[in-house]
Every structure is written in structure tokens, then in C-alpha cells.
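Notes follow once the structure below has been shown.
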Amino acid sequence: MHLSPLAERLLKLLNGSAPDATHWPVTSQLTTAMGGRPGDSAVVDQTWRNLVAPARELADYLLRDDRLPFAVLVAAGLAGMDPEVRPQLAEALGPIAIAEVDLLLGWDVELRALFAEAARAPVLDEPRPTGLAEWLDGLPGYPAFARVALEQAEARVAAIQTGEIPYQADKAFDNWETRTLGRAVRLALYRDERWLPALLDRLLNGVAVAPTKAKTLPSQALLFEIARAVEDHPTPEAISSLRAARQITRHAGVPKQLDRMFKRIEPALAERLEVAFRLPDGRVRQAFGEHAAVISIDGEPELSWWHGDKKLKSVPAAVKREHPEEVKRLREQVKLVQQQQTTLARALEAGYTAEKAPPYRQLQGHPIAERLIWEFEVSPGVWRSELGLNVPDVPVRPWHPARASVEEVRAWREVVQDKELRQPYKQAFREVYLLTPAEKETRDHSNRFAGHVVDYRRLRALFKARGWKSNYLGPWDGGFDGGDGRRLLAGGQWRATLEHNLYDEGYALTGQVLFQRLVEGRWHLAPLAEVPALVFSEAMRDVDLFVGVCSITADPRWADIGPDELQTYWRTGSFAALAPSAEVRRDVLSRLLPRLAITDRCTLTDRFLVVRGDLRTYKIHLGSANILMEPNDAYLCIVSARDPHAGLFLPFEEDGRLALILSKAFLLANDTAITDPSITRQIRA
């Protein structure tokens with residue numbers, strides 16, 4: 001069937017493929033598309049009358065194609081065909097999807113068009129206005145519909161499990177019902193509905209396993225759609241329900257796919273501060289006759305076994321023999337607790353740029369909170385810092401060195417070092433990034449970290465770990481020559497962007513850092529001077545981490561390989577002035593050196609740890625960990641070093657560079673004991 005030009009134009013507007021199909025309202029778009037001016041009411045009225053025939057033609061056309069049911073409703077509304085269209089859609093769609101259609105039929109054409117657009121394209125970090133679920137929350141009748149739809153889905157799955165409905169693998173819901181339920185779950189998760197956790201438990205348990213012994217499941221599609229919804233709006237309870245479903249499914253491929261999704265879901269929870277603090281603390285004590293299993297979280301999560309007051313070296317033989325599944329479950333529980341601790345730490349870090357103070361008091365008594373420094377507003381505008389959540393009934397926020405004096409920062413670093421306090425994230429020794437004179441000159445962008453050649457796979461991994469999103473670079477279909485790494489901060493009101501381009505296969509070149517503010521639903525480039533201090537500092541801290549870890553200057557193998565321009569870049573960057581992250585490393589070393597067995601052989605300069613061996617003197621760069629040998633600054637290549645300082649307390653472990661520097665220092669201080677010929681040849685050359 002061929003459409004007339006007007007109907008074809010209308011179809012392009014409805015499916016978003018027209019060049020000017022950028023934003024509704026539909027009246028403005030269609031009036032402009034048909035040659036009129038949106039502000040002229042007479043033209044608008046005439047446009048609507050002219051659209052009746054092509055809209056009817058388009059509705060008939062779309063009814064033959066079930067890919068765009070919501071576009072059908074827009075065309076039907078324009079043509080006055082609702083009574084004719086509804087029965088035909090009911091034949092094509094399942095009952096849950098048709099219930100959503102019935103809801104839309106009560107809306108005007110404008111709202112239907114907006115819904116069709118929202119249902120067509122996923123919303124990433126582009127505002128619309130701030131997200132699909134938030135927008136659905138404001139639609140007439142949709143929150144109530146979402147609950148009813150999920151209850152109907154739960155009832156259907158229960159009927160399949162009891163045999164009331166014959167079982168067919170992956171046939172519990174059709175494609176449109178799955179999408180409808182995905183929207184319903186997203187809205188319920190966004191609203192953090194109290195009724196959802198129990199319902200989701202039952203629904204996922206019913207969806208994940210066949211009522212027979214088959215290794216199939218009632219709806220693999222819905223299981224993964226719910227997982228994607230949880231990634232968009234995670235809650236601790238929804239994650240637990242997904243993990244339970246993963247345990248019971250018999251399908252070999254489903255757990256692997258869910259495990260990949262969990263890697264994205266867990267970090268996403270850190271962006272929902274209002275719910276992330278509901279994570280259980282993870283402490284467990286379980287009796288097995290005369291023995292007990294204990295999961296403690298005072299430091300790293302640990303599973304230990306006890307007989308009365310005596311801690312055992314391993315699992316008791318009787319417990320291992322009589323309760324093997326419980327032992328396995330507890331070991332897996334320790335891994336889960338570790339993940340939860342990491343997520344909670346991310347959530348606390350994200351609170352630095354939050355627009356509203358999250359409910360930190362929920363963490364009262366939690367071991368993580370006791371290892372952090374907090375600020376309490378003891379009188380209006382006067383904040384006092386304390387270790388632990390121990391000042392009641394006043395506003396509280398996490399302490400940040402950017403809000404403290406140099407003396408206070410120094411004092412807290414001493415406390416953390418003296419108490420050997422392993423903080424859940426780098427706080428006392430956190431880097432601070434202030435606006436530089438050069439950035440004041442460039443006004444709306446920073447070149448501070450531009451021009452670095454970085455390992456692209458490692459960069460992508462760090463993007464994901466730190467909550468940044470980006471296009472995938474590569475010279476193939478679906479790849480991009482250039483891209484933007486983006487992170488939302490301050491509750492989504494600010495966006496930081498790191499520009500980067502493909503440099504060579506496997507490598508990228510970093511560019512400018514930009515900041516945008518969300519104003520009336522659109523991103524606007526902001527002068528750096530207007531960016532909130534903690535938003536700027538936290539974003540630049542991430543970029544410094546990306547460059548410090550991913551730059552080829554951190555890889556000693558690049559000293560003698562690659563084209564001349566890269567070797568020049570490597571030599572220049574490997575021993576350059578220190579970035580803030582390396583300055584913090586220097587501060588930590590200044591506190592550690594007096595406690596080391598090799599202290600009399602070590603000296604700190606502005607950018608090097610100088611180590612005196614018996615054969616030569618070595619300068620270890622505090623940024624790259626690369627080494628120069630005196631007296632002629634010859635380069636010494638040590639790809640890795642053993643860890644003779646094992647057991648030495650380090651106040652943080654972020655990129656491992658501090659531990660690497662210390663490992664090399666211990667090795668070189670006793671250089672006459674080195675037996676590796678690849679190292680001794682260089683030293684004695």
C-alpha cells in the first residue's frame with residue numbers, strides 16, 4: 001500500500017524520522033509541516049481539517065503493521081476513528097497492552113503524540129524533560145494503571161505456575177505487553193512504591209523458572225526488561241529480587257546475561273541516594289550446632305567460623321559435611337556484601353554534589369558511617385567536623401577538604417593515618433581541583449587534561465566504574481571517530497563532558513572538559529566560573545583519574561616502542577609536574593616514610609621519591625611511578641615489582657600507584673639483592 005504525500009509526511013512526523021521532527025507540540029509541528037504558521041489560529045484550524053483524510057489513510061495503513069500502535073492512536077485521534085481502531089488493536093495486542101491503549105484513548109491527540117514519542121526512544125541522559133518515568137508520573141491515570149498492570153502480570157504468572165494456564169516457553173507475554181510492563185515497573189521504581197518489592201518478588205520468581213523441569217522460563221523477555229528497568233531506577237529490594245530470580249532459573253544463558261547487567265545495576269544504585277542507604281549492612285551470625293558462622297564488616301567483609309569464643313582457621317568439618325549448600329551460600333553472601341559496601345560508598349561519594357541533603361541519618365551506627373568524617377551545623381552557618389555520626393538532631397553532610405582550611409585537612413589526615421583508618425572512599429586524602437588562571441582565560445572549557453594518549457579499553461572501563469557514559473569509538477559500523485564522556489552531577493542538574501577522539505586502534509586522545517547546566521529541560525554550556533565548586537572538583541578528579549591510570553605514560557613499555565611523537569610524549573609526560581592526585585600521593589608518602597624500614601635511604605623532592613641503593617640512586621616519579629637513575633638520569637624499566645611492604649597500612653587504594661611506588665622503593669633500596677637480569681643489566685650499564 002502506497003501512502004499519499006500528506007500521509008507519508010504525517011508518518012515521518014509520528015515516527016520521528018522527519019528532519020524537523022524534533023519536539024512536539026503536534027499542532028506546531030504539523031502546521032509548520034503543512035506550510036502554515038503555528039501562531040495563526042485560522043491556519044491551524046485549516047491544517048487540522050486538511051489532516052483528517054491523510055490521518056484516516058495512515059490509520060488504516062498502520063493497523064496492518066503492529067510496530068507502531070501508539071502512532072495509530074495519534075492518527076485515529078486526528079481522523080476521529082477511535083471507535084473503529086480499538087477493536088482491531090484488541091485483536092493484535094494482549095490484554096495488558098490493550099488496557100494501556102484504553103487509557104490513551106481517553107487523552108487528547110497532543111498527549112498521545114507525546115506518549116508515542118516517549119515510548120519509541122529510550123531516554124538516556126538527554127532531558128525529556130528529566131526522564132521517562134518522571135514524565136509518566138504526571139500523566140492522568142498512569143500511576144494507577146501501572147499497579148493494575150503489574151498485578152495482572154503477577155496473576156498470570158501464578159496461573160502458569162499452578163497449571164491453570166498451559167505452559168509455553170517465553171510465551172507468557174507478547175512483545176507489547178512486555179514493553180507496557182517495562183514502563184509500569186520503571187514508574188513504580190521511580191516512585192519507590194511500597195507495594196512493589198513484594199509484588200516484584202513474586203513476579204520475578206514466577207517469570208524466571210518453568211513450572212515443569214524444563215530449562216526454559218515463562219518470559220525471558222520480561223525478566224530482562226525488568227532488569228533494564230531496575231538499571232534505570234534501582235532499589236536495594238529490586239536488586240535482591242533479581243538476584244533471587246537468577247539463583248532459581250535453570251536456563252544456562254540467563255544467569256550470565258543477568259551478571260553482565262548487575263555490573264551496571266549496582267553502580268547505578270549509587271545515583272539514587274534516597275534509596276541506596278536502605279542497603280542492609282551485611283552483618284550475619286548463623287548457628288550450626290556448636291559452631292557459628294559470622295560475616296563481619298568492620299573492615300573488609302569477612303566470613304569467619306567460631307566455636308564458642310574461639311575463632312577457627314577454616315570451616316568445621318561437621319558443618320562442611322552436613323551443610324555444604326549453606327557454606328556455599330555464605331561464601332556468596334560475602335561477595336554480595338562486598339558489592340553492597342562498594343555501592344554504598346559510591347552513594348556517599350555522590351552525595352558531595354547532591355542538590356538536597358540525602359537521609360544520612362539512616363546510616364546511624366553503620367560501620368561505614370563510623371569510618372567517615374562528617375560535618376554538623378551546630379549553629380546557623382557554622383559547621384563542625386567529627387568522626388562518625390555522633391552529633392544528634394542537627395543538619396549533617398559528609399566532610400570535604402574543599403570546604404576546610406589547610407590546617408583542618410592536615411589534622412584529619414593525621415587522625416586517619418594514626419588510627420590506621422581505612423575509609424570506604426578517599427575522603428581525608430581527597431584531591432581538590434580549583435579553577436586555574438588558564439581556565440579563567442578559556443572561560444567555558446578546560447584544557448587541563450587535553451592532549452593525552454590513553455588506552456581506550458581501560459578508559460571505557462573507568463567510565464563505567466565512575467558513572468560516565470560515552471559513544472563507543474572505532475572505525476566500523478556503529479563506531480564513532482569522536483565522542484563525549486558524560487557524567488550527571490548534582491541530582492542531574494549539571495553535566496560534565498570529557499571530549500575524546502580515536503587516536504589509533506585501541507587508543508584515544510583526550511580533549512576539552514566542558515560543563516553544562518540543565519535549564520528548562522535543555523542543556524546549556526556554562527562558564528567554568530559559574531560551576532559549583534564541588535561539581536567542578538569532583539568532575540575534574542574523575543578526569544585526572546582517567547588520564548593518570550589510562551595514559552601510556554603509566555606504561556613503561558612505551559619508552560622504546562611506537563612512533564617518535566609518542567616516545568616524545570611518553571618522555572615528557574612520564575616525569576612532568578604533579579597533578580593533584582600525585583600531590584596527595586606525595587603527602588601520604590611524607591607521613592609513611594618515617595615508619596618504613598628504608599626511611600634512611602629515602603628522600604622526597606617536589607616530584608620524586610629518591611631512593612639510595614648500594615649501586616645507584618633512583619628517582620621514582622610520584623605521578624607515573626617511572627624511574628630515572630642518577631647520575632645521568634638514565635631510564636630504568638621495571639614493569640612490575642613484588643610487594644615486600646605487605647601489611648603496611650595505606651590510607652586508600654584507588655589506582656594502585658602508591659603501592660607500586662613503595663614496591664619499587666623497597667626493591668631498589670636493596671639493589672644488590674636484585675637477581676632479575678632484565679633489571680641488573682640496566683643498573684650496571
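Starting from 1 in every chain, residues are counted up; chains themselves are A, B, ... following the order of the C-alpha cells, and ligands are numbered from 1 as listed.
For region 149-162 of chain A, the residues within 8 Å (counting only C-alpha atoms, excluding itself and residues fewer than 3 positions away along the chain) are Ile96, Phe145, Ala146, Ile165, Pro166, Tyr167, Ala172, Leu181, Ala184, Val185, Leu199, Arg202, Leu203, Gly206, Val207, Ala210, Pro211 and Pro218 of chain A.
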Keeping only C-alpha atoms, write the selected residues to a file as a PDB file, in the first residue's frame.
```pdb
ATOM      1  CA  ILE A  96      -2.300  -5.784  29.442  1.00  0.00           C
ATOM      2  CA  PHE A 145      -2.691   1.792  35.639  1.00  0.00           C
ATOM      3  CA  ALA A 146       0.923   0.748  36.338  1.00  0.00           C
ATOM      4  CA  ILE A 165      -2.743 -21.588  32.026  1.00  0.00           C
ATOM      5  CA  PRO A 166      -0.867 -24.108  29.840  1.00  0.00           C
ATOM      6  CA  TYR A 167       2.879 -23.501  29.907  1.00  0.00           C
ATOM      7  CA  ALA A 172       3.640 -15.607  28.941  1.00  0.00           C
ATOM      8  CA  LEU A 181       5.111  -3.778  31.871  1.00  0.00           C
ATOM      9  CA  ALA A 184       4.961   0.180  34.618  1.00  0.00           C
ATOM     10  CA  VAL A 185       7.973  -1.182  36.539  1.00  0.00           C
ATOM     11  CA  LEU A 199       4.917  -7.954  44.089  1.00  0.00           C
ATOM     12  CA  ARG A 202       6.509 -12.959  43.268  1.00  0.00           C
ATOM     13  CA  LEU A 203       6.511 -11.795  39.644  1.00  0.00           C
ATOM     14  CA  GLY A 206       7.247 -16.838  38.552  1.00  0.00           C
ATOM     15  CA  VAL A 207       8.870 -15.492  35.406  1.00  0.00           C
ATOM     16  CA  ALA A 210       9.287 -23.113  34.268  1.00  0.00           C
ATOM     17  CA  PRO A 211       6.531 -24.919  36.212  1.00  0.00           C
ATOM     18  CA  PRO A 218       7.782 -18.309  31.086  1.00  0.00           C
TER      19      PRO A 218
END
```
| task | Return as a PyMOL selection string the full set of residues in region 323-552 of chain A whose backbone-based DSSP assignment is strand (DSSP E). | result | chain A and resi 373-379+382-387+396-398+453-455+482-489+494-504+507-519+522-525
Write the residues you've just listed into a file as a tab-separated table (two decimals), in the first residue's frame, and include C-alpha atoms for each of them.
```tsv
chain	number	residue	atom	x	y	z
A	373	ILE	CA	34.31	12.38	58.74
A	374	TRP	CA	31.05	14.32	58.98
A	375	GLU	CA	30.15	17.99	59.32
A	376	PHE	CA	27.36	19.10	61.65
A	377	GLU	CA	25.68	22.51	61.52
A	378	VAL	CA	25.90	23.31	65.23
A	379	SER	CA	24.55	26.83	64.69
A	382	VAL	CA	28.65	27.14	61.50
A	383	TRP	CA	29.79	23.59	60.72
A	384	ARG	CA	31.89	21.36	62.97
A	385	SER	CA	33.66	18.22	61.74
A	386	GLU	CA	33.63	14.97	63.72
A	387	LEU	CA	34.50	11.33	63.08
A	396	VAL	CA	24.71	16.78	58.60
A	397	ARG	CA	26.80	16.38	55.45
A	398	PRO	CA	29.99	14.47	54.53
A	453	VAL	CA	47.10	9.44	24.59
A	454	VAL	CA	45.18	6.86	26.62
A	455	ASP	CA	44.46	3.16	26.48
A	482	GLY	CA	34.99	11.17	18.30
A	483	GLY	CA	32.91	11.06	21.41
A	484	ASP	CA	31.92	12.70	24.63
A	485	GLY	CA	32.26	11.04	28.02
A	486	ARG	CA	29.45	12.43	30.17
A	487	ARG	CA	28.54	12.29	33.83
A	488	LEU	CA	25.49	13.79	35.51
A	489	LEU	CA	26.09	15.52	38.85
A	494	TRP	CA	24.81	19.57	35.91
A	495	ARG	CA	26.62	17.55	33.28
A	496	ALA	CA	30.40	17.23	32.88
A	497	THR	CA	31.79	16.28	29.46
A	498	LEU	CA	35.23	14.95	28.52
A	499	GLU	CA	35.80	15.18	24.78
A	500	HIS	CA	37.97	12.43	23.32
A	501	ASN	CA	38.77	11.15	19.85
A	502	LEU	CA	40.07	7.97	18.29
A	503	TYR	CA	43.87	8.27	18.08
A	504	ASP	CA	44.82	4.82	16.81
A	507	TYR	CA	43.97	4.34	21.84
A	508	ALA	CA	42.19	7.65	22.25
A	509	LEU	CA	43.27	11.29	22.55
A	510	THR	CA	41.71	13.40	25.32
A	511	GLY	CA	40.29	16.86	24.65
A	512	GLN	CA	38.45	19.63	26.47
A	513	VAL	CA	36.38	19.34	29.64
A	514	LEU	CA	33.05	21.21	29.49
A	515	PHE	CA	30.20	21.78	31.93
A	516	GLN	CA	26.52	22.21	31.09
A	517	ARG	CA	23.61	23.29	33.26
A	518	LEU	CA	20.04	22.00	32.87
A	519	VAL	CA	17.72	24.96	32.32
A	522	ARG	CA	17.69	21.80	27.97
A	523	TRP	CA	21.46	21.65	28.45
A	524	HIS	CA	23.29	24.97	28.27
A	525	LEU	CA	27.07	25.39	28.18
```
| message | Quick one: residues within 9 Å of region 105-107 of chain A, only C-alpha atoms, excluding same-chain residues fewer than 4 positions away - as a list in words? | response | Leu73, Gly77, Asp82, Arg86, Glu100, Val101, Leu111, Arg112 and Pro140 of chain A
| Which of region 109-237 of chain A DSSP labels helix (DSSP H, G or I), written as number ranges by chain | A: 109-120, 132-137, 142-162, 175-191, 196-208, 220-232, 236-237
How would the residues just picked look written out with C-alpha atoms as a PDB file, in the first residue's frame?
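What landed in out_24.pdb:
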```pdb
ATOM      1  CA  VAL A 109      -4.100  13.885  20.388  1.00  0.00           C
ATOM      2  CA  GLU A 110      -1.327  16.084  21.763  1.00  0.00           C
ATOM      3  CA  LEU A 111      -0.734  13.838  24.784  1.00  0.00           C
ATOM      4  CA  ARG A 112      -0.985  10.692  22.691  1.00  0.00           C
ATOM      5  CA  ALA A 113       1.693  12.071  20.373  1.00  0.00           C
ATOM      6  CA  LEU A 114       3.988  12.835  23.296  1.00  0.00           C
ATOM      7  CA  PHE A 115       3.465   9.324  24.636  1.00  0.00           C
ATOM      8  CA  ALA A 116       4.161   7.782  21.221  1.00  0.00           C
ATOM      9  CA  GLU A 117       7.424   9.714  21.065  1.00  0.00           C
ATOM     10  CA  ALA A 118       8.446   8.712  24.610  1.00  0.00           C
ATOM     11  CA  ALA A 119       7.562   5.054  24.050  1.00  0.00           C
ATOM     12  CA  ARG A 120       9.555   4.972  20.807  1.00  0.00           C
ATOM     13  CA  LEU A 132      10.598   8.875  31.052  1.00  0.00           C
ATOM     14  CA  ALA A 133       9.441   7.612  34.459  1.00  0.00           C
ATOM     15  CA  GLU A 134       9.139  11.118  35.898  1.00  0.00           C
ATOM     16  CA  TRP A 135       7.121  12.154  32.853  1.00  0.00           C
ATOM     17  CA  LEU A 136       4.850   9.092  33.134  1.00  0.00           C
ATOM     18  CA  ASP A 137       4.258  10.010  36.774  1.00  0.00           C
ATOM     19  CA  TYR A 142      -0.914   6.231  34.532  1.00  0.00           C
ATOM     20  CA  PRO A 143       0.360   5.533  38.093  1.00  0.00           C
ATOM     21  CA  ALA A 144      -2.846   3.671  38.954  1.00  0.00           C
ATOM     22  CA  PHE A 145      -2.691   1.792  35.639  1.00  0.00           C
ATOM     23  CA  ALA A 146       0.923   0.748  36.338  1.00  0.00           C
ATOM     24  CA  ARG A 147      -0.052  -1.026  39.553  1.00  0.00           C
ATOM     25  CA  VAL A 148      -3.022  -2.774  37.984  1.00  0.00           C
ATOM     26  CA  ALA A 149      -0.895  -3.912  35.026  1.00  0.00           C
ATOM     27  CA  LEU A 150       1.769  -5.412  37.300  1.00  0.00           C
ATOM     28  CA  GLU A 151      -0.862  -7.134  39.448  1.00  0.00           C
ATOM     29  CA  GLN A 152      -2.376  -8.649  36.283  1.00  0.00           C
ATOM     30  CA  ALA A 153       1.071  -9.838  35.200  1.00  0.00           C
ATOM     31  CA  GLU A 154       1.677 -11.404  38.610  1.00  0.00           C
ATOM     32  CA  ALA A 155      -1.713 -13.165  38.500  1.00  0.00           C
ATOM     33  CA  ARG A 156      -0.993 -14.561  35.025  1.00  0.00           C
ATOM     34  CA  VAL A 157       2.405 -15.904  36.056  1.00  0.00           C
ATOM     35  CA  ALA A 158       0.862 -17.503  39.158  1.00  0.00           C
ATOM     36  CA  ALA A 159      -1.748 -19.197  36.960  1.00  0.00           C
ATOM     37  CA  ILE A 160       1.018 -20.536  34.711  1.00  0.00           C
ATOM     38  CA  GLN A 161       2.878 -21.926  37.723  1.00  0.00           C
ATOM     39  CA  THR A 162      -0.247 -23.722  39.042  1.00  0.00           C
ATOM     40  CA  ASN A 175       6.139  -8.048  22.892  1.00  0.00           C
ATOM     41  CA  TRP A 176       3.848  -5.094  23.545  1.00  0.00           C
ATOM     42  CA  GLU A 177       2.782  -6.381  26.942  1.00  0.00           C
ATOM     43  CA  THR A 178       6.461  -6.720  27.857  1.00  0.00           C
ATOM     44  CA  ARG A 179       7.101  -3.092  26.869  1.00  0.00           C
ATOM     45  CA  THR A 180       4.000  -1.937  28.741  1.00  0.00           C
ATOM     46  CA  LEU A 181       5.111  -3.778  31.871  1.00  0.00           C
ATOM     47  CA  GLY A 182       8.598  -2.299  31.476  1.00  0.00           C
ATOM     48  CA  ARG A 183       7.093   1.181  31.646  1.00  0.00           C
ATOM     49  CA  ALA A 184       4.961   0.180  34.618  1.00  0.00           C
ATOM     50  CA  VAL A 185       7.973  -1.182  36.539  1.00  0.00           C
ATOM     51  CA  ARG A 186      10.041   1.921  35.742  1.00  0.00           C
ATOM     52  CA  LEU A 187       7.319   4.191  37.083  1.00  0.00           C
ATOM     53  CA  ALA A 188       6.804   2.110  40.246  1.00  0.00           C
ATOM     54  CA  LEU A 189      10.573   2.010  40.874  1.00  0.00           C
ATOM     55  CA  TYR A 190      10.863   5.747  40.261  1.00  0.00           C
ATOM     56  CA  ARG A 191       8.042   6.400  42.742  1.00  0.00           C
ATOM     57  CA  LEU A 196       6.331  -3.031  44.683  1.00  0.00           C
ATOM     58  CA  PRO A 197       9.001  -5.144  46.493  1.00  0.00           C
ATOM     59  CA  ALA A 198       6.657  -7.999  47.474  1.00  0.00           C
ATOM     60  CA  LEU A 199       4.917  -7.954  44.089  1.00  0.00           C
ATOM     61  CA  LEU A 200       8.230  -7.906  42.204  1.00  0.00           C
ATOM     62  CA  ASP A 201       9.491 -10.843  44.277  1.00  0.00           C
ATOM     63  CA  ARG A 202       6.509 -12.959  43.268  1.00  0.00           C
ATOM     64  CA  LEU A 203       6.511 -11.795  39.644  1.00  0.00           C
ATOM     65  CA  LEU A 204      10.225 -12.460  39.084  1.00  0.00           C
ATOM     66  CA  ASN A 205      10.109 -15.837  40.836  1.00  0.00           C
ATOM     67  CA  GLY A 206       7.247 -16.838  38.552  1.00  0.00           C
ATOM     68  CA  VAL A 207       8.870 -15.492  35.406  1.00  0.00           C
ATOM     69  CA  ALA A 208      12.340 -16.995  35.965  1.00  0.00           C
ATOM     70  CA  GLN A 220      12.866 -14.352  29.291  1.00  0.00           C
ATOM     71  CA  ALA A 221      11.929 -11.053  27.617  1.00  0.00           C
ATOM     72  CA  LEU A 222      10.078  -9.725  30.684  1.00  0.00           C
ATOM     73  CA  LEU A 223      12.852 -10.842  33.038  1.00  0.00           C
ATOM     74  CA  PHE A 224      15.419  -8.807  31.082  1.00  0.00           C
ATOM     75  CA  GLU A 225      13.012  -5.878  30.618  1.00  0.00           C
ATOM     76  CA  ILE A 226      12.565  -5.682  34.402  1.00  0.00           C
ATOM     77  CA  ALA A 227      16.354  -5.859  34.818  1.00  0.00           C
ATOM     78  CA  ARG A 228      16.738  -2.904  32.421  1.00  0.00           C
ATOM     79  CA  ALA A 229      14.094  -1.014  34.391  1.00  0.00           C
ATOM     80  CA  VAL A 230      15.996  -1.717  37.623  1.00  0.00           C
ATOM     81  CA  GLU A 231      19.149  -0.385  35.980  1.00  0.00           C
ATOM     82  CA  ASP A 232      17.265   2.841  35.193  1.00  0.00           C
ATOM     83  CA  PRO A 236      18.027  -2.480  47.037  1.00  0.00           C
ATOM     84  CA  GLU A 237      14.869  -4.591  47.182  1.00  0.00           C
TER      85      GLU A 237
END
```
If we count only C-alpha atoms and set the cut-off at 12 Å, which residues sit around Ile638 (chain A), ignoring sequence neighbours fewer than 6 positions away in its own chain? Please answer as a PDB file with C-alpha atoms, in the first residue's frame.
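File produced: around.pdb:
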```pdb
ATOM      1  CA  ALA A 554      51.993   4.985  33.006  1.00  0.00           C
ATOM      2  CA  ASP A 555      53.177   2.030  30.893  1.00  0.00           C
ATOM      3  CA  PRO A 556      56.985   1.661  30.900  1.00  0.00           C
ATOM      4  CA  ARG A 557      56.861  -0.473  27.759  1.00  0.00           C
ATOM      5  CA  ALA A 559      59.666   4.026  26.436  1.00  0.00           C
ATOM      6  CA  ILE A 620      60.749   7.352  41.270  1.00  0.00           C
ATOM      7  CA  ALA A 625      55.930   5.602  39.029  1.00  0.00           C
ATOM      8  CA  ASN A 626      58.600   5.583  36.294  1.00  0.00           C
ATOM      9  CA  ILE A 627      62.259   5.623  37.361  1.00  0.00           C
ATOM     10  CA  LEU A 628      65.363   7.655  36.473  1.00  0.00           C
ATOM     11  CA  LEU A 660      53.585   0.348  43.149  1.00  0.00           C
ATOM     12  CA  ILE A 661      55.878   3.236  44.110  1.00  0.00           C
ATOM     13  CA  SER A 663      57.176  -1.715  45.975  1.00  0.00           C
ATOM     14  CA  LYS A 664      59.802  -0.222  43.680  1.00  0.00           C
ATOM     15  CA  ALA A 665      61.338   1.735  46.550  1.00  0.00           C
ATOM     16  CA  LEU A 667      63.243  -3.270  45.725  1.00  0.00           C
ATOM     17  CA  LEU A 668      65.759  -0.558  44.773  1.00  0.00           C
ATOM     18  CA  ILE A 674      68.176  -7.962  42.723  1.00  0.00           C
ATOM     19  CA  ASP A 676      66.384 -10.289  37.603  1.00  0.00           C
ATOM     20  CA  PRO A 677      68.833  -9.919  34.678  1.00  0.00           C
ATOM     21  CA  SER A 678      66.489  -7.542  32.796  1.00  0.00           C
ATOM     22  CA  ILE A 679      66.897  -5.099  35.725  1.00  0.00           C
ATOM     23  CA  THR A 680      70.548  -5.713  36.681  1.00  0.00           C
ATOM     24  CA  ARG A 681      71.712  -5.153  33.088  1.00  0.00           C
ATOM     25  CA  GLN A 682      70.173  -1.665  33.139  1.00  0.00           C
ATOM     26  CA  ILE A 683      71.579  -0.780  36.581  1.00  0.00           C
TER      27      ILE A 683
END
```
| said: Give me the residues near Arg457 (chain A) as a ChimeraX atom specification, where near means some atom within 12 Å (using only C-alpha atoms) and where sequence neighbours in that chain fewer than 5 positions away do not count. | reply: /A:462-464,472-474,502,505-508,546,549-551
| said: Rounded to one decimal, what separation in Å do you get between CA of Glu326 (chain A) and CA of Glu302 (chain A)? | reply: 15.8 Å
| Quick one: of A:Val406, A:Leu93, A:Ala369, A:Ile239, who's nearest to Gly388 (chain A), counting only C-alpha atoms? |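 Among the listed residues, the smallest separation from Gly388 (chain A) belongs to A:Ala369.
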| task | Calculate how many Å separate CA of Gly141 (chain A) from CA of Val74 (chain A), rounding to one decimal. | result |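 About the pair CA of Gly141 (chain A) and CA of Val74 (chain A): they are 18.4 Å apart.
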| request: Excluding Glu266 (chain A) and any residue of its chain fewer than 3 positions from it, enumerate the residues within 10 Å of it, using only C-alpha atoms, and give them as a ChimeraX atom specification. | output: /A:230-231,234-236,239,261-263,269-271,276,339-340,342-344,346
Dump as a tab-separated table (two decimals), in the first residue's frame, selection limited to N, CA, C and O atoms:
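Saved result, out.tsv, follows:
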```tsv
chain	number	residue	atom	x	y	z
A	230	VAL	N	15.28	-1.86	36.35
A	230	VAL	CA	16.00	-1.72	37.62
A	230	VAL	C	17.30	-0.96	37.41
A	230	VAL	O	17.72	-0.18	38.28
A	231	GLU	N	17.94	-1.16	36.27
A	231	GLU	CA	19.15	-0.38	35.98
A	231	GLU	C	18.83	1.11	35.88
A	231	GLU	O	19.61	1.95	36.33
A	234	PRO	N	17.19	1.84	40.16
A	234	PRO	CA	17.43	0.72	41.07
A	234	PRO	C	16.96	1.00	42.49
A	234	PRO	O	16.96	2.14	42.96
A	235	THR	N	16.57	-0.06	43.17
A	235	THR	CA	16.34	-0.04	44.61
A	235	THR	C	17.00	-1.29	45.18
A	235	THR	O	17.15	-2.30	44.48
A	236	PRO	N	17.41	-1.28	46.45
A	236	PRO	CA	18.03	-2.48	47.04
A	236	PRO	C	17.11	-3.69	46.96
A	236	PRO	O	17.56	-4.81	46.70
A	239	ILE	N	16.97	-5.17	43.40
A	239	ILE	CA	18.21	-5.90	43.09
A	239	ILE	C	18.19	-7.26	43.77
A	239	ILE	O	18.58	-8.28	43.17
A	261	MET	N	24.42	-7.54	33.53
A	261	MET	CA	23.55	-6.41	33.85
A	261	MET	C	23.79	-5.93	35.28
A	261	MET	O	23.72	-4.73	35.55
A	262	PHE	N	24.09	-6.85	36.21
A	262	PHE	CA	24.36	-6.46	37.60
A	262	PHE	C	25.56	-5.52	37.67
A	262	PHE	O	25.62	-4.66	38.56
A	263	LYS	N	26.51	-5.69	36.78
A	263	LYS	CA	27.69	-4.82	36.78
A	263	LYS	C	27.31	-3.37	36.50
A	263	LYS	O	28.03	-2.45	36.88
A	269	LEU	N	22.78	2.26	41.45
A	269	LEU	CA	22.10	2.50	42.73
A	269	LEU	C	22.75	3.65	43.48
A	269	LEU	O	22.08	4.37	44.23
A	270	ALA	N	24.04	3.87	43.23
A	270	ALA	CA	24.74	4.96	43.92
A	270	ALA	C	24.21	6.33	43.51
A	270	ALA	O	24.43	7.32	44.21
A	271	GLU	N	23.51	6.40	42.38
A	271	GLU	CA	22.94	7.67	41.95
A	271	GLU	C	21.57	7.94	42.57
A	271	GLU	O	20.99	8.99	42.35
A	276	ALA	N	19.46	4.26	48.27
A	276	ALA	CA	20.67	3.44	48.40
A	276	ALA	C	21.00	3.14	49.86
A	276	ALA	O	21.55	2.08	50.17
A	339	GLN	N	29.97	-6.15	47.35
A	339	GLN	CA	29.35	-5.32	46.30
A	339	GLN	C	28.47	-4.24	46.92
A	339	GLN	O	28.47	-3.08	46.48
A	340	GLN	N	27.72	-4.60	47.95
A	340	GLN	CA	26.84	-3.63	48.59
A	340	GLN	C	27.65	-2.52	49.27
A	340	GLN	O	27.26	-1.36	49.24
A	342	THR	N	30.58	-1.47	48.32
A	342	THR	CA	31.09	-0.61	47.24
A	342	THR	C	30.00	0.34	46.76
A	342	THR	O	30.25	1.53	46.54
A	343	THR	N	28.80	-0.20	46.59
A	343	THR	CA	27.68	0.63	46.13
A	343	THR	C	27.36	1.73	47.14
A	343	THR	O	27.13	2.88	46.78
A	344	LEU	N	27.37	1.38	48.41
A	344	LEU	CA	27.07	2.36	49.45
A	344	LEU	C	28.14	3.46	49.48
A	344	LEU	O	27.83	4.64	49.64
A	346	ARG	N	29.88	4.44	46.92
A	346	ARG	CA	29.62	5.27	45.74
A	346	ARG	C	28.50	6.26	46.03
A	346	ARG	O	28.55	7.43	45.61
```
| remark: Shortest contact to Pro424 (chain A), candidates A:Gln341, A:Thr675, A:Ser574, A:Ser470, atoms counted only C-alpha atoms, goes to A:Gln341
